[in-house]
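One structure is given below, encoded as structure tokens.
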Amino acid sequence: MRPLVIRSHVIGGVRIFTLMKITRRLLAILFVVSAPLLLLTSAPAAKNGTAKGQYLAYVGTYTTKTNSKGIYAFRFDTATGGLSAIGIAAETRDPSWVAVHPGGKFLYAANEAGKSSAVSAFAVEAKSGKLTLLNQIPSLGEDPCYLSFDKTGKYLFVANYSSGTIAVFPILADGRLGEHTALVKDQGATGPNKERQEAPHAHWIETSADNRFALVADLGLDEVLVYKFDATSGTLTPNEPAFARLRAGSGPRHAVFYPNGNFVFAVSELSSTATSFAYDVKKGTLKEIGKASTLPPGFSGRNDVAEAAVHPNGKFLYVSNRGNDSIAILSIDPGNRTLSPAGGIPTGGKEPRHFAIDPSGKYLLAENQFSNNIVVFKIDAATGGLTPTGQVVEVPSPVDIAFLQED
């Protein structure tokens with residue numbers, strides 16, 4: 001048996017570290033007459049050379065003052081947790097958030113570039129992973145940082161952070177983005193943090209399961225706002241009541257629906273907390289039911305919460321801490337869906353701006369923006385625990401991952 005070998009490869013500007021154990025096994029002597037049988041019983045190759053559980057993984061980055069060129073493509077194997085580089089999928093400016101359309105043919109990117117901010121539509125070439133630009137339009141605000149789709153897949157929602165605006169764009173049949181159907185500026189009293197809460201700052205937007213409401217996390221207002229959404233016209237109007245307010249100075253950054261759609265968890269960047277809300281699906285209203293810290297006991301120093309995700313089994317909420325540079329694990333009470341700390345783990349790098357749970361629910365991929373790497377963790381579905389797989393992928397300034405299943 002050969003010893004464990006560590007190798008690195010550079011593909012399209014991305015360095016991959018893999019662990020390969022090469023073994024030699026003696027083969028039993030085969031009779032010549034058995035060869036035809038072996039040929040007849042051999043399994044056919046999977047379509048396009050891909051097996052079940054294979055995904056394209058697109059990584060959005062920051063290109064300003066970094067070595068990044070734009071959006072990078074990888075292949076991810078849900079059976080092994082393997083992440084292998086394809087290369088640069090598209091060169092585009094500061095694609096800080098990427099989202100794959102539910103139909104699988106298109107990808108959309110938020111080009112976070114101040115007053116020059118835009119949203120780009122790309123066609124996906126599934127075999128190569130390459131992206132072809134279809135059109136690029138102004139985001140109708142400054143610094144778009146989050147994109148999502150309504151439940152019909154006919155509209156793209158954009159949260160513009162610096163301007164505190166949200167916009168809705170129709171998705172045309174060929175994947176291009178059409179003229180906006182809604183443009184709204186968040187309104188309300190700002191929070192006490194004069195540096196970060198001097199104005200509204202929309203940071204997240206998603207529609208409810210029934211597509212009747214759109215929820216917005218606004219860091220500047222300390223609110224999760226609720227808008228009525230008309231899927232026929234693509235318009236937004238304030239709900240009544242129009243928001244749920246968090247504790248002053250919290251700075252809600254992102255939120256996530258519980259799988260059954262009846263609860264919402266909002267994570268606050270400035271207070272390093274996660275707040276549970278009961279969600280009334282008929283009225284579109286939120287009622288706070290609990291809150292938990294994302295930091296380990298005794299931690300002091302700067303920390304900014306970033307991403308949040310609920311495990312598909314509904315038992316755990318994961319939250320990324322920047323400063324503490326960890327993934328916090330919060331247990332979700334099966335009865336009232338309140339949260340309680342259940343541990344955490346260092347991300348193996350600096351500034352985990354985003355992470356993603358893979359479509360199988362078996363792995364968590366943490367993107368360390370300042371370390372220029374992605375670290376893969378194995379998820380224990382019973383305990384919520386995270387264990388590094390040993391795989392670390394280098395990519396410049398990674399800030400978002402979106403998956404697309406291969407045929």
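Letters for chains follow the order of the structure tokens (A, B, ...), residue numbers begin at 1 for each chain, and ligand numbers begin at 1 in the order shown.
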
**OP:** Within stretch 184-330 of chain A, find each residue whose DSSP state, derived from the backbone, is strand (DSSP E or B), and express the selection as a count of residues only.
**Re:** 81

Subject >> alpha helix (DSSP H) residues, from DSSP on the backbone, in stretch 30-149 of chain A, as a PyMOL selection string >> reply: chain A and resi 35-41

Counting only C-alpha atoms, give me one row per residue of stretch 269-332 of chain A with an atom at most 10 Å from an atom of stretch 191-209 of chain A, showing the shortest contact pair and its distance in Å to one decimal, sorted by chain then residue number, as a Markdown table.
```
| residue | atom | partner | partner_atom | distance |
| --- | --- | --- | --- | --- |
| A:Leu270 | CA | A:Arg196 | CA | 8.7 |
| A:Tyr279 | CA | A:Ser208 | CA | 9.6 |
| A:Val281 | CA | A:Ser208 | CA | 7.9 |
| A:Gly284 | CA | A:Ser208 | CA | 8.3 |
```

So which residues touch stretch 337-344 of chain A within 7 Å, counting only C-alpha atoms, skipping near sequence neighbours fewer than 4 positions away, as a PDB file with all heavy atoms, in the first residue's frame?
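The result, written out as result_28.pdb:
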```pdb
ATOM      1  N   SER A 276     -36.319  34.045  16.890  1.00  0.00           N
ATOM      2  CA  SER A 276     -37.383  33.202  16.354  1.00  0.00           C
ATOM      3  C   SER A 276     -38.678  34.007  16.279  1.00  0.00           C
ATOM      4  O   SER A 276     -39.022  34.730  17.215  1.00  0.00           O
ATOM      5  CB  SER A 276     -37.620  31.986  17.252  1.00  0.00           C
ATOM      6  OG  SER A 276     -36.449  31.222  17.408  1.00  0.00           O
ATOM      7  N   ILE A 289     -40.826  35.062  19.418  1.00  0.00           N
ATOM      8  CA  ILE A 289     -41.062  34.041  20.440  1.00  0.00           C
ATOM      9  C   ILE A 289     -39.785  33.655  21.186  1.00  0.00           C
ATOM     10  O   ILE A 289     -39.844  32.889  22.150  1.00  0.00           O
ATOM     11  CB  ILE A 289     -41.699  32.776  19.830  1.00  0.00           C
ATOM     12  CG1 ILE A 289     -40.860  32.241  18.665  1.00  0.00           C
ATOM     13  CG2 ILE A 289     -43.117  33.057  19.391  1.00  0.00           C
ATOM     14  CD1 ILE A 289     -41.385  30.946  18.070  1.00  0.00           C
ATOM     15  N   GLY A 290     -38.624  34.160  20.740  1.00  0.00           N
ATOM     16  CA  GLY A 290     -37.391  33.808  21.445  1.00  0.00           C
ATOM     17  C   GLY A 290     -36.160  34.335  20.745  1.00  0.00           C
ATOM     18  O   GLY A 290     -36.217  34.763  19.589  1.00  0.00           O
ATOM     19  N   LYS A 291     -35.042  34.289  21.470  1.00  0.00           N
ATOM     20  CA  LYS A 291     -33.789  34.788  20.923  1.00  0.00           C
ATOM     21  C   LYS A 291     -32.633  34.043  21.551  1.00  0.00           C
ATOM     22  O   LYS A 291     -32.709  33.618  22.710  1.00  0.00           O
ATOM     23  CB  LYS A 291     -33.665  36.302  21.181  1.00  0.00           C
ATOM     24  CG  LYS A 291     -32.426  36.944  20.604  1.00  0.00           C
ATOM     25  CD  LYS A 291     -32.501  38.464  20.710  1.00  0.00           C
ATOM     26  CE  LYS A 291     -32.679  38.922  22.134  1.00  0.00           C
ATOM     27  NZ  LYS A 291     -32.664  40.400  22.239  1.00  0.00           N
ATOM     28  N   ALA A 292     -31.538  33.863  20.802  1.00  0.00           N
ATOM     29  CA  ALA A 292     -30.356  33.178  21.319  1.00  0.00           C
ATOM     30  C   ALA A 292     -29.108  33.825  20.742  1.00  0.00           C
ATOM     31  O   ALA A 292     -29.123  34.354  19.629  1.00  0.00           O
ATOM     32  CB  ALA A 292     -30.388  31.689  20.963  1.00  0.00           C
ATOM     33  N   SER A 326     -16.531  31.535  13.011  1.00  0.00           N
ATOM     34  CA  SER A 326     -17.063  30.220  13.349  1.00  0.00           C
ATOM     35  C   SER A 326     -18.443  30.037  12.735  1.00  0.00           C
ATOM     36  O   SER A 326     -19.068  30.987  12.267  1.00  0.00           O
ATOM     37  CB  SER A 326     -17.173  30.071  14.873  1.00  0.00           C
ATOM     38  OG  SER A 326     -18.145  30.988  15.384  1.00  0.00           O
ATOM     39  N   ILE A 327     -18.891  28.792  12.738  1.00  0.00           N
ATOM     40  CA  ILE A 327     -20.277  28.460  12.446  1.00  0.00           C
ATOM     41  C   ILE A 327     -20.934  28.079  13.761  1.00  0.00           C
ATOM     42  O   ILE A 327     -20.526  27.130  14.426  1.00  0.00           O
ATOM     43  CB  ILE A 327     -20.402  27.284  11.456  1.00  0.00           C
ATOM     44  CG1 ILE A 327     -19.703  27.604  10.135  1.00  0.00           C
ATOM     45  CG2 ILE A 327     -21.878  26.951  11.222  1.00  0.00           C
ATOM     46  CD1 ILE A 327     -20.333  28.723   9.344  1.00  0.00           C
ATOM     47  N   ALA A 328     -21.941  28.870  14.158  1.00  0.00           N
ATOM     48  CA  ALA A 328     -22.689  28.551  15.366  1.00  0.00           C
ATOM     49  C   ALA A 328     -23.784  27.545  15.028  1.00  0.00           C
ATOM     50  O   ALA A 328     -24.403  27.622  13.966  1.00  0.00           O
ATOM     51  CB  ALA A 328     -23.305  29.817  15.954  1.00  0.00           C
ATOM     52  N   ILE A 329     -24.007  26.611  15.939  1.00  0.00           N
ATOM     53  CA  ILE A 329     -25.053  25.602  15.779  1.00  0.00           C
ATOM     54  C   ILE A 329     -26.114  25.858  16.839  1.00  0.00           C
ATOM     55  O   ILE A 329     -25.824  25.857  18.041  1.00  0.00           O
ATOM     56  CB  ILE A 329     -24.485  24.181  15.935  1.00  0.00           C
ATOM     57  CG1 ILE A 329     -23.289  23.973  14.998  1.00  0.00           C
ATOM     58  CG2 ILE A 329     -25.565  23.141  15.663  1.00  0.00           C
ATOM     59  CD1 ILE A 329     -22.486  22.719  15.314  1.00  0.00           C
ATOM     60  N   LEU A 330     -27.335  26.094  16.411  1.00  0.00           N
ATOM     61  CA  LEU A 330     -28.439  26.351  17.325  1.00  0.00           C
ATOM     62  C   LEU A 330     -29.488  25.257  17.164  1.00  0.00           C
ATOM     63  O   LEU A 330     -29.915  24.959  16.040  1.00  0.00           O
ATOM     64  CB  LEU A 330     -29.058  27.714  17.044  1.00  0.00           C
ATOM     65  CG  LEU A 330     -28.109  28.917  17.167  1.00  0.00           C
ATOM     66  CD1 LEU A 330     -28.807  30.185  16.708  1.00  0.00           C
ATOM     67  CD2 LEU A 330     -27.616  29.069  18.591  1.00  0.00           C
ATOM     68  N   SER A 331     -29.882  24.674  18.272  1.00  0.00           N
ATOM     69  CA  SER A 331     -30.905  23.629  18.258  1.00  0.00           C
ATOM     70  C   SER A 331     -32.288  24.276  18.182  1.00  0.00           C
ATOM     71  O   SER A 331     -32.559  25.267  18.857  1.00  0.00           O
ATOM     72  CB  SER A 331     -30.785  22.775  19.518  1.00  0.00           C
ATOM     73  OG  SER A 331     -31.789  21.778  19.555  1.00  0.00           O
ATOM     74  N   ILE A 332     -33.163  23.722  17.340  1.00  0.00           N
ATOM     75  CA  ILE A 332     -34.515  24.234  17.165  1.00  0.00           C
ATOM     76  C   ILE A 332     -35.486  23.346  17.946  1.00  0.00           C
ATOM     77  O   ILE A 332     -35.571  22.145  17.697  1.00  0.00           O
ATOM     78  CB  ILE A 332     -34.915  24.273  15.680  1.00  0.00           C
ATOM     79  CG1 ILE A 332     -33.941  25.142  14.893  1.00  0.00           C
ATOM     80  CG2 ILE A 332     -36.344  24.782  15.511  1.00  0.00           C
ATOM     81  CD1 ILE A 332     -34.168  25.091  13.375  1.00  0.00           C
ATOM     82  N   ASP A 333     -36.188  23.944  18.892  1.00  0.00           N
ATOM     83  CA  ASP A 333     -37.152  23.189  19.689  1.00  0.00           C
ATOM     84  C   ASP A 333     -38.252  22.647  18.776  1.00  0.00           C
ATOM     85  O   ASP A 333     -38.859  23.397  18.013  1.00  0.00           O
ATOM     86  CB  ASP A 333     -37.766  24.087  20.760  1.00  0.00           C
ATOM     87  CG  ASP A 333     -38.645  23.311  21.714  1.00  0.00           C
ATOM     88  OD1 ASP A 333     -39.812  23.032  21.347  1.00  0.00           O
ATOM     89  OD2 ASP A 333     -38.185  22.986  22.818  1.00  0.00           O
TER      90      ASP A 333
END
```
